[in-house]
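Asker: Input work_3.pdb, format and content: PDB, C-alpha atoms.
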```pdb
ATOM      1  CA  MET A 860      19.694  53.488 -11.647
ATOM      2  CA  LEU A 861      18.707  52.922  -8.016
ATOM      3  CA  LYS A 862      15.254  51.935  -9.201
ATOM      4  CA  HIS A 863      16.707  49.218 -11.462
ATOM      5  CA  ILE A 864      18.956  47.942  -8.672
ATOM      6  CA  MET A 865      16.017  47.663  -6.274
ATOM      7  CA  LYS A 866      14.016  45.829  -8.937
ATOM      8  CA  PHE A 867      16.887  43.371  -9.420
ATOM      9  CA  ILE A 868      17.170  42.741  -5.654
ATOM     10  CA  THR A 869      13.422  42.132  -5.427
ATOM     11  CA  LEU A 870      13.660  39.627  -8.279
ATOM     12  CA  LEU A 871      16.540  37.814  -6.565
ATOM     13  CA  ILE A 872      14.574  37.563  -3.311
ATOM     14  CA  SER A 873      11.520  36.308  -5.191
ATOM     15  CA  CYS A 874      13.548  33.610  -6.955
ATOM     16  CA  SER A 875      15.167  32.577  -3.676
ATOM     17  CA  VAL A 876      11.785  32.190  -1.942
ATOM     18  CA  SER A 877      10.447  30.236  -4.909
ATOM     19  CA  ALA A 878      13.462  27.913  -4.948
ATOM     20  CA  ASN A 879      13.103  27.169  -1.257
ATOM     21  CA  GLU A 880       9.326  26.788  -1.325
ATOM     22  CA  VAL A 881       8.127  23.605   0.355
ATOM     23  CA  THR A 882       5.044  21.822  -0.957
ATOM     24  CA  THR A 883       2.826  20.204   1.647
ATOM     25  CA  ILE A 884       1.451  16.837   0.514
ATOM     26  CA  ASN A 885      -1.437  15.076   2.235
ATOM     27  CA  LEU A 886      -1.086  11.307   1.905
ATOM     28  CA  ALA A 887      -3.782   8.905   3.107
ATOM     29  CA  PHE A 888      -3.365   5.288   4.100
ATOM     30  CA  GLU A 889      -5.510   2.637   5.731
ATOM     31  CA  ASP A 890      -6.482   2.836   9.399
ATOM     32  CA  ARG A 891      -6.077  -0.936   9.753
ATOM     33  CA  ASP A 892      -2.836  -2.726  10.569
ATOM     34  CA  SER A 893      -1.188  -3.986   7.384
ATOM     35  CA  PHE A 894       2.138  -5.406   8.498
ATOM     36  CA  PRO A 895       4.841  -4.512   7.648
ATOM     37  CA  ASN A 896       3.793  -1.434   5.672
ATOM     38  CA  TYR A 897       1.739   0.336   8.329
ATOM     39  CA  LEU A 898       1.070  -0.701  11.899
ATOM     40  CA  GLY A 899      -1.779  -0.292  14.357
ATOM     41  CA  ASN A 900      -5.555  -0.251  14.080
ATOM     42  CA  SER A 901      -6.019   3.462  14.599
ATOM     43  CA  SER A 902      -6.743   6.813  12.994
ATOM     44  CA  HIS A 903      -3.307   7.917  14.247
ATOM     45  CA  VAL A 904       0.136   7.182  12.821
ATOM     46  CA  ALA A 905       1.960   4.703  15.082
ATOM     47  CA  TRP A 906       5.137   6.715  15.638
ATOM     48  CA  PRO A 907       7.977   5.914  16.297
ATOM     49  CA  ASN A 908       7.411   2.598  14.479
ATOM     50  CA  PRO A 909       4.662   3.407  11.962
ATOM     51  CA  GLY A 910       5.584   0.756   9.398
ATOM     52  CA  TYR A 911       7.923   0.265   6.465
ATOM     53  CA  ALA A 912       5.920   2.188   3.832
ATOM     54  CA  VAL A 913       5.277   5.162   6.119
ATOM     55  CA  GLU A 914       8.948   5.481   7.042
ATOM     56  CA  LEU A 915      10.065   5.095   3.430
ATOM     57  CA  LEU A 916       7.769   7.911   2.306
ATOM     58  CA  LYS A 917       8.843  10.086   5.237
ATOM     59  CA  GLN A 918      12.389   9.874   3.836
ATOM     60  CA  LEU A 919      11.206  11.866   0.798
ATOM     61  CA  GLU A 920      11.310  15.013   2.918
ATOM     62  CA  LYS A 921      15.104  14.735   3.134
ATOM     63  CA  SER A 922      15.704  14.932  -0.614
ATOM     64  CA  LEU A 923      12.705  16.817  -2.034
ATOM     65  CA  PRO A 924      11.158  20.216  -1.158
ATOM     66  CA  ILE A 925       8.062  18.632   0.375
ATOM     67  CA  LYS A 926       6.402  18.215   3.744
ATOM     68  CA  ILE A 927       4.200  15.154   4.158
ATOM     69  CA  LYS A 928       1.082  15.065   6.303
ATOM     70  CA  PHE A 929      -0.231  11.545   6.843
ATOM     71  CA  VAL A 930      -3.935  10.791   7.203
ATOM     72  CA  ARG A 931      -5.389   7.412   8.208
ATOM     73  CA  GLN A 932      -8.817   6.420   6.907
ATOM     74  CA  PRO A 933     -10.745   3.249   6.065
ATOM     75  CA  TRP A 934      -9.415   2.005   2.713
ATOM     76  CA  LYS A 935     -12.629   2.722   0.804
ATOM     77  CA  ARG A 936     -12.531   6.292   2.088
ATOM     78  CA  CYS A 937      -8.896   6.568   0.991
ATOM     79  CA  LEU A 938      -9.974   5.682  -2.538
ATOM     80  CA  LYS A 939     -12.862   8.156  -2.413
ATOM     81  CA  SER A 940     -10.607  10.903  -1.019
ATOM     82  CA  LEU A 941      -8.214  10.341  -3.917
ATOM     83  CA  GLN A 942     -11.036  10.490  -6.456
ATOM     84  CA  THR A 943     -12.371  13.770  -5.029
ATOM     85  CA  ASN A 944      -8.870  15.260  -4.650
ATOM     86  CA  SER A 945      -9.463  15.591  -0.897
ATOM     87  CA  VAL A 946      -5.952  14.165  -0.451
ATOM     88  CA  ASP A 947      -2.920  14.411  -2.722
ATOM     89  CA  GLY A 948      -2.148  10.699  -2.733
ATOM     90  CA  ILE A 949      -2.782   7.297  -1.187
ATOM     91  CA  PHE A 950      -0.669   4.222  -0.500
ATOM     92  CA  ASN A 951      -0.208   1.206  -0.659
ATOM     93  CA  ALA A 952      -2.328   0.743  -3.782
ATOM     94  CA  SER A 953      -1.951  -2.273  -6.032
ATOM     95  CA  PHE A 954      -2.696  -1.725  -9.707
ATOM     96  CA  LYS A 955      -6.290  -2.131 -10.835
ATOM     97  CA  GLN A 956      -7.442  -0.870 -14.224
ATOM     98  CA  GLU A 957     -10.586   0.695 -12.760
ATOM     99  CA  ARG A 958      -8.510   2.736 -10.301
ATOM    100  CA  LEU A 959      -7.188   4.799 -13.203
ATOM    101  CA  ALA A 960     -10.448   6.731 -12.863
ATOM    102  CA  LEU A 961      -9.432   7.699  -9.320
ATOM    103  CA  GLY A 962      -5.820   8.806  -9.615
ATOM    104  CA  VAL A 963      -2.416   8.425 -11.241
ATOM    105  CA  TYR A 964       0.086   5.572 -11.009
ATOM    106  CA  PRO A 965       3.759   5.869 -12.019
ATOM    107  CA  PHE A 966       3.824   4.941 -15.712
ATOM    108  CA  THR A 967       6.641   4.219 -18.161
ATOM    109  CA  ASP A 968       5.919   3.806 -21.873
ATOM    110  CA  GLY A 969       2.184   3.639 -21.256
ATOM    111  CA  LYS A 970       2.315   0.965 -18.538
ATOM    112  CA  VAL A 971       2.427   1.049 -14.749
ATOM    113  CA  ASP A 972       6.082   0.576 -13.794
ATOM    114  CA  PRO A 973       6.921  -1.791 -10.897
ATOM    115  CA  GLU A 974      10.340  -0.143 -10.593
ATOM    116  CA  PHE A 975       8.598   2.727  -8.809
ATOM    117  CA  ARG A 976       6.811   0.521  -6.273
ATOM    118  CA  ILE A 977       6.993   1.085  -2.537
ATOM    119  CA  ALA A 978       6.869  -2.633  -1.765
ATOM    120  CA  GLU A 979       5.494  -5.918  -3.023
ATOM    121  CA  SER A 980       3.694  -8.837  -1.433
ATOM    122  CA  SER A 981       2.699 -12.381  -2.359
ATOM    123  CA  HIS A 982      -0.964 -13.273  -1.958
ATOM    124  CA  VAL A 983      -1.847 -16.826  -0.970
ATOM    125  CA  PHE A 984      -4.740 -18.996   0.136
ATOM    126  CA  PHE A 985      -4.966 -20.174   3.740
ATOM    127  CA  SER A 986      -6.791 -23.294   4.891
ATOM    128  CA  LYS A 987      -7.031 -25.382   8.046
ATOM    129  CA  LYS A 988      -4.707 -28.339   8.464
ATOM    130  CA  GLY A 989      -6.175 -31.505   6.970
ATOM    131  CA  SER A 990      -8.356 -29.640   4.466
ATOM    132  CA  PRO A 991      -8.962 -31.671   1.269
ATOM    133  CA  ILE A 992      -8.782 -28.500  -0.854
ATOM    134  CA  HIS A 993      -5.785 -28.387  -3.185
ATOM    135  CA  TRP A 994      -4.384 -25.435  -5.143
ATOM    136  CA  ASP A 995      -1.979 -26.068  -8.030
ATOM    137  CA  GLY A 996      -1.470 -22.430  -8.998
ATOM    138  CA  LYS A 997      -4.252 -22.493 -11.584
ATOM    139  CA  GLN A 998      -7.316 -24.037 -10.004
ATOM    140  CA  LEU A 999      -8.775 -25.203  -6.702
ATOM    141  CA  ASP A1000      -9.637 -28.901  -6.403
ATOM    142  CA  ASN A1001     -12.132 -30.322  -3.892
ATOM    143  CA  PHE A1002     -13.417 -26.808  -3.320
ATOM    144  CA  ASN A1003     -17.068 -25.902  -2.977
ATOM    145  CA  GLY A1004     -17.974 -22.593  -1.420
ATOM    146  CA  GLN A1005     -16.605 -19.084  -1.099
ATOM    147  CA  VAL A1006     -13.150 -17.672  -0.370
ATOM    148  CA  GLY A1007     -13.063 -15.167   2.485
ATOM    149  CA  VAL A1008     -11.421 -11.844   1.530
ATOM    150  CA  VAL A1009     -11.210  -8.413   3.131
ATOM    151  CA  MET A1010     -13.735  -5.922   1.758
ATOM    152  CA  GLY A1011     -12.296  -3.335  -0.626
ATOM    153  CA  TYR A1012      -9.008  -5.151  -1.244
ATOM    154  CA  SER A1013      -7.975  -6.097  -4.780
ATOM    155  CA  THR A1014      -7.846  -9.810  -3.834
ATOM    156  CA  ALA A1015     -11.588 -10.139  -4.509
ATOM    157  CA  ALA A1016     -11.314  -8.954  -8.115
ATOM    158  CA  ASP A1017      -8.264 -11.165  -8.730
ATOM    159  CA  LEU A1018     -10.153 -14.277  -7.637
ATOM    160  CA  GLN A1019     -13.365 -13.354  -9.417
ATOM    161  CA  GLN A1020     -11.418 -12.992 -12.662
ATOM    162  CA  ARG A1021     -10.416 -16.624 -12.173
ATOM    163  CA  GLY A1022     -14.049 -17.606 -11.726
ATOM    164  CA  ILE A1023     -13.710 -18.151  -7.967
ATOM    165  CA  ASP A1024     -16.596 -17.073  -5.739
ATOM    166  CA  VAL A1025     -15.666 -14.804  -2.833
ATOM    167  CA  ARG A1026     -17.170 -13.644   0.426
ATOM    168  CA  GLU A1027     -16.208  -9.985   0.621
ATOM    169  CA  SER A1028     -17.717  -8.924   3.917
ATOM    170  CA  ILE A1029     -14.762  -8.873   6.281
ATOM    171  CA  ASN A1030     -13.278  -5.683   7.742
ATOM    172  CA  SER A1031      -9.795  -6.939   8.615
ATOM    173  CA  PRO A1032      -7.390  -9.838   8.003
ATOM    174  CA  GLN A1033      -7.786 -11.003  11.608
ATOM    175  CA  GLN A1034     -11.562 -11.217  11.192
ATOM    176  CA  ASN A1035     -10.955 -13.153   7.993
ATOM    177  CA  LEU A1036      -8.752 -15.620   9.881
ATOM    178  CA  ASP A1037     -11.468 -15.999  12.507
ATOM    179  CA  LEU A1038     -14.007 -16.817   9.794
ATOM    180  CA  LEU A1039     -11.758 -19.648   8.648
ATOM    181  CA  LEU A1040     -11.101 -20.796  12.190
ATOM    182  CA  HIS A1041     -14.836 -21.086  12.917
ATOM    183  CA  ASN A1042     -15.556 -22.875   9.619
ATOM    184  CA  ARG A1043     -17.584 -20.018   8.155
ATOM    185  CA  VAL A1044     -15.561 -20.283   4.938
ATOM    186  CA  PRO A1045     -13.422 -23.227   3.738
ATOM    187  CA  ILE A1046     -10.426 -21.043   2.764
ATOM    188  CA  ILE A1047      -9.366 -17.387   2.822
ATOM    189  CA  ALA A1048      -6.946 -15.324   0.732
ATOM    190  CA  GLY A1049      -4.722 -12.287   1.233
ATOM    191  CA  SER A1050      -1.208 -10.940   1.720
ATOM    192  CA  GLU A1051       1.016 -13.743   3.018
ATOM    193  CA  VAL A1052       3.307 -11.550   5.138
ATOM    194  CA  GLN A1053       0.344  -9.730   6.682
ATOM    195  CA  TYR A1054      -1.519 -12.906   7.658
ATOM    196  CA  GLN A1055       1.610 -14.727   8.797
ATOM    197  CA  ASN A1056       2.389 -11.819  11.116
ATOM    198  CA  ILE A1057      -1.021 -12.126  12.805
ATOM    199  CA  MET A1058      -0.544 -15.875  13.125
ATOM    200  CA  ARG A1059       2.943 -15.470  14.645
ATOM    201  CA  ARG A1060       1.543 -13.135  17.266
ATOM    202  CA  ASN A1061      -1.257 -15.578  18.095
ATOM    203  CA  PRO A1062       0.477 -18.971  17.708
ATOM    204  CA  GLY A1063      -1.962 -20.932  19.865
ATOM    205  CA  LYS A1064      -5.106 -19.509  18.343
ATOM    206  CA  TYR A1065      -4.083 -20.006  14.708
ATOM    207  CA  ALA A1066      -1.983 -23.157  15.035
ATOM    208  CA  ALA A1067      -4.415 -25.021  12.754
ATOM    209  CA  VAL A1068      -4.110 -22.484   9.895
ATOM    210  CA  VAL A1069      -1.610 -23.097   7.083
ATOM    211  CA  ALA A1070      -0.627 -21.248   3.899
ATOM    212  CA  MET A1071      -1.376 -22.939   0.574
ATOM    213  CA  ARG A1072       1.301 -22.606  -2.068
ATOM    214  CA  PRO A1073       2.179 -21.626  -4.753
ATOM    215  CA  ALA A1074       1.214 -17.974  -4.374
ATOM    216  CA  ILE A1075      -1.883 -16.755  -6.177
ATOM    217  CA  THR A1076       0.030 -13.685  -7.315
ATOM    218  CA  THR A1077       2.816 -11.329  -6.264
ATOM    219  CA  LYS A1078       1.815  -7.679  -6.374
ATOM    220  CA  PRO A1079       3.688  -4.381  -6.375
ATOM    221  CA  TYR A1080       2.207  -1.580  -4.253
ATOM    222  CA  TYR A1081       2.384   2.062  -5.277
ATOM    223  CA  LEU A1082       1.873   5.632  -4.199
ATOM    224  CA  MET A1083      -1.069   6.882  -6.289
ATOM    225  CA  LEU A1084      -1.334  10.633  -6.769
ATOM    226  CA  ALA A1085      -4.533  12.637  -7.157
ATOM    227  CA  TYR A1086      -5.259  14.048 -10.610
ATOM    228  CA  ASP A1087      -5.308  17.649  -9.350
ATOM    229  CA  PHE A1088      -1.955  17.298  -7.597
ATOM    230  CA  HIS A1089      -0.364  15.569 -10.587
ATOM    231  CA  ALA A1090      -1.646  18.264 -12.963
ATOM    232  CA  ALA A1091      -0.396  21.070 -10.699
ATOM    233  CA  HIS A1092       2.998  19.441 -10.007
ATOM    234  CA  PRO A1093       3.893  17.153 -12.943
ATOM    235  CA  LYS A1094       7.678  17.394 -12.493
ATOM    236  CA  LEU A1095       7.507  17.016  -8.730
ATOM    237  CA  SER A1096       5.245  13.972  -9.142
ATOM    238  CA  GLN A1097       7.843  12.252 -11.306
ATOM    239  CA  LYS A1098      10.585  13.167  -8.833
ATOM    240  CA  ILE A1099       8.565  11.671  -5.969
ATOM    241  CA  TRP A1100       8.142   8.324  -7.737
ATOM    242  CA  ALA A1101      11.795   8.296  -8.830
ATOM    243  CA  GLU A1102      12.930   9.049  -5.283
ATOM    244  CA  ILE A1103      10.747   6.232  -3.892
ATOM    245  CA  LYS A1104      12.688   3.836  -6.110
ATOM    246  CA  SER A1105      16.000   5.409  -5.072
ATOM    247  CA  ILE A1106      15.221   5.100  -1.353
ATOM    248  CA  ARG A1107      13.849   1.563  -1.680
ATOM    249  CA  VAL A1108      17.103   0.242  -3.179
ATOM    250  CA  SER A1109      19.386   2.379  -0.985
ATOM    251  CA  GLU A1110      21.142   1.390   2.238
ATOM    252  CA  GLU A1111      18.470   3.291   4.174
ATOM    253  CA  GLY A1112      15.751   1.337   2.381
ATOM    254  CA  GLN A1113      17.471  -1.923   3.255
ATOM    255  CA  ARG A1114      17.734  -0.812   6.877
ATOM    256  CA  LEU A1115      13.986  -0.226   6.952
ATOM    257  CA  ARG A1116      13.389  -3.656   5.452
ATOM    258  CA  ARG A1117      15.512  -5.239   8.170
ATOM    259  CA  LYS A1118      13.705  -3.231  10.834
ATOM    260  CA  TYR A1119      10.249  -4.466   9.865
ATOM    261  CA  TYR A1120      10.506  -7.548   7.650
ATOM    262  CA  ILE A1121      13.423  -9.464   9.083
ATOM    263  CA  ALA A1122      12.654  -8.721  12.735
ATOM    264  CA  GLU A1123       9.412 -10.683  12.385
ATOM    265  CA  GLN A1124      10.841 -13.697  10.549
TER
END
```
Using the file provided, produce a representation of the structure as structure tokens.

Answerer:
Amino acid sequence: MLKHIMKFITLLISCSVSANEVTTINLAFEDRDSFPNYLGNSSHVAWPNPGYAVELLKQLEKSLPIKIKFVRQPWKRCLKSLQTNSVDGIFNASFKQERLALGVYPFTDGKVDPEFRIAESSHVFFSKKGSPIHWDGKQLDNFNGQVGVVMGYSTAADLQQRGIDVRESINSPQQNLDLLLHNRVPIIAGSEVQYQNIMRRNPGKYAAVVAMRPAITTKPYYLMLAYDFHAAHPKLSQKIWAEIKSIRVSEEGQRLRRKYYIAEQ
């Protein structure tokens, strides 16, 4: 009898430990400033104000049995780390068909689901004031040359699909702006909020640069999970994406938006 009781107690303890087990998740993001989602050009997280996306994901620890370790790497290395399962996930990744070979997006009914995005951003062209180039949302008029884009970003593929030639040799948005400023390219393209933030912080330097509207596209950005992590934790993976949506639309998510987005407007 005592033997059975001891066995039962051991089982209860085992179940309790299992229920309280915390999964450590290594998430990689770019080591370049990408306002408002992550701040600072550094291999370190810019606490206490690391950026909207970083803080949103950190909130996951409050509602799920996980502990997040953040890693900052060049974006191309983030993608490679995901592919090799060296990290458990990366953010902020826009959807590209070819990235399905690298990791897993949140899907619903066979399609990537924007409801589970971390954030979204409009991408636009930028030109210098007085430029004869015109963009009507479908094609560029009076344009002859290449569009400057940051290397490794999805903007290059988006423009190439439209038949627009790109110069993909820039390491950061600020360098891309400088290319435009010094007439190395006639126009550049990228995230509007990210470029506008750089221009606001350097009003004299970039006074001659203007956004061209309408937007080229508006993109959702996701947490992609590594195939090994997703296979080992399928239910937890779904809970993570669902909780990202829950936090994003919550009062706390709105507070984070005000902290980063509105403060810079």

Asker: To one decimal place, how far is atom CA of Glu1051 of chain A from atom CA of Phe954 of chain A in Å?

Answerer: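 According to the coordinates, atom CA of Glu1051 of chain A and atom CA of Phe954 of chain A are separated by 17.9 Å.
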
Asker: How would you write, as a list in words, the residues chosen by the PyMOL selection byres ((chain A and resi 1101) around 12) on this structure?

Answerer: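 In the shown coordinates, the PyMOL selection byres ((chain A and resi 1101) around 12) covers Leu916, Leu919, Ser922, Leu923, Pro965, Phe966, Thr967, Asp972, Pro973, Glu974, Phe975, Arg976, Ile977, Tyr1081, Leu1082, Lys1094, Leu1095, Ser1096, Gln1097, Lys1098, Ile1099, Trp1100, Glu1102, Ile1103, Lys1104, Ser1105, Ile1106, Arg1107 and Val1108 of chain A.
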
Asker: When you look at segment 1114-1116 of chain A with a cut-off of 10 Å (counting all atoms listed in the file), what residues show up, excluding the ones that are within fewer than 6 positions of it in the same chain? I need them as a list in words.

Answerer: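 That gives Pro895, Asn896, Gly910, Tyr911, Ala912, Glu914, Leu915, Ala978, Ile1106, Arg1107 and Ala1122 of chain A.
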
Asker: Starting from the PyMOL selection byres ((chain A and resi 950) around 10), expand the selection into actual residues of this file and give them as a PyMOL selection string.

Answerer: chain A and resi 886-889+896-897+912-913+916+934+937-938+948-949+951-953+977+1080-1084

Asker: Quick one: which residues end up in the PyMOL selection byres ((chain A and resi 982-999) around 10) for this structure, as a ChimeraX atom specification?

Answerer: /A:979-981,1000-1003,1006-1008,1014,1021-1023,1036,1039-1040,1042,1044-1055,1065-1078

Asker: Can you tell me how far atom CA of Ser902 of chain A sits from atom CA of Ser1028 of chain A, in Å to one decimal?

Answerer: 21.2 Å

Asker: Using Å and a single decimal, report how far atom CA of Phe929 of chain A sits from atom CA of Asn1030 of chain A.

Answerer: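 Those two atoms sit 21.6 Å apart.
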
Asker: I need the residue nearest Val963 of chain A from this list: A:Gln942, A:Pro924, A:Asn1061, A:Leu1038. Use only C-alpha atoms for the distance.

Answerer: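 The closest residue to Val963 of chain A is A:Gln942.
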
Asker: I'd like to know which of A:Gln1019, A:Gln932, A:Gln918, A:Ser1109 is closest to Asp890 of chain A, using all atoms listed in the file.

Answerer: A:Gln932

Asker: Looking at A:Glu1027, A:Glu920, A:Asp968, A:Glu957, which one is nearest to Thr883 of chain A, with distances taken over only C-alpha atoms?

Answerer: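 Residue with the minimum atom-to-atom distance to Thr883 of chain A: A:Glu920.
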
Asker: Just checking: using all atoms listed in the file, which residue out of A:Val881, A:Lys917, A:Ser901, A:Lys928 ends up closest to Gly1112 of chain A?

Answerer: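 The answer is A:Lys917, which sits nearest to Gly1112 of chain A.
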
Asker: Find the axis-aligned box for segment 1067-1086 of chain A, covering all its listed atoms and adding 6 Å on each side, and write its centre and edge lengths in Å to one decimal as lines of an AutoDock Vina configuration file.

Answerer:
```
center_x = -0.8
center_y = -5.5
center_z = 1.1
size_x = 20.9
size_y = 51.1
size_z = 35.4
```
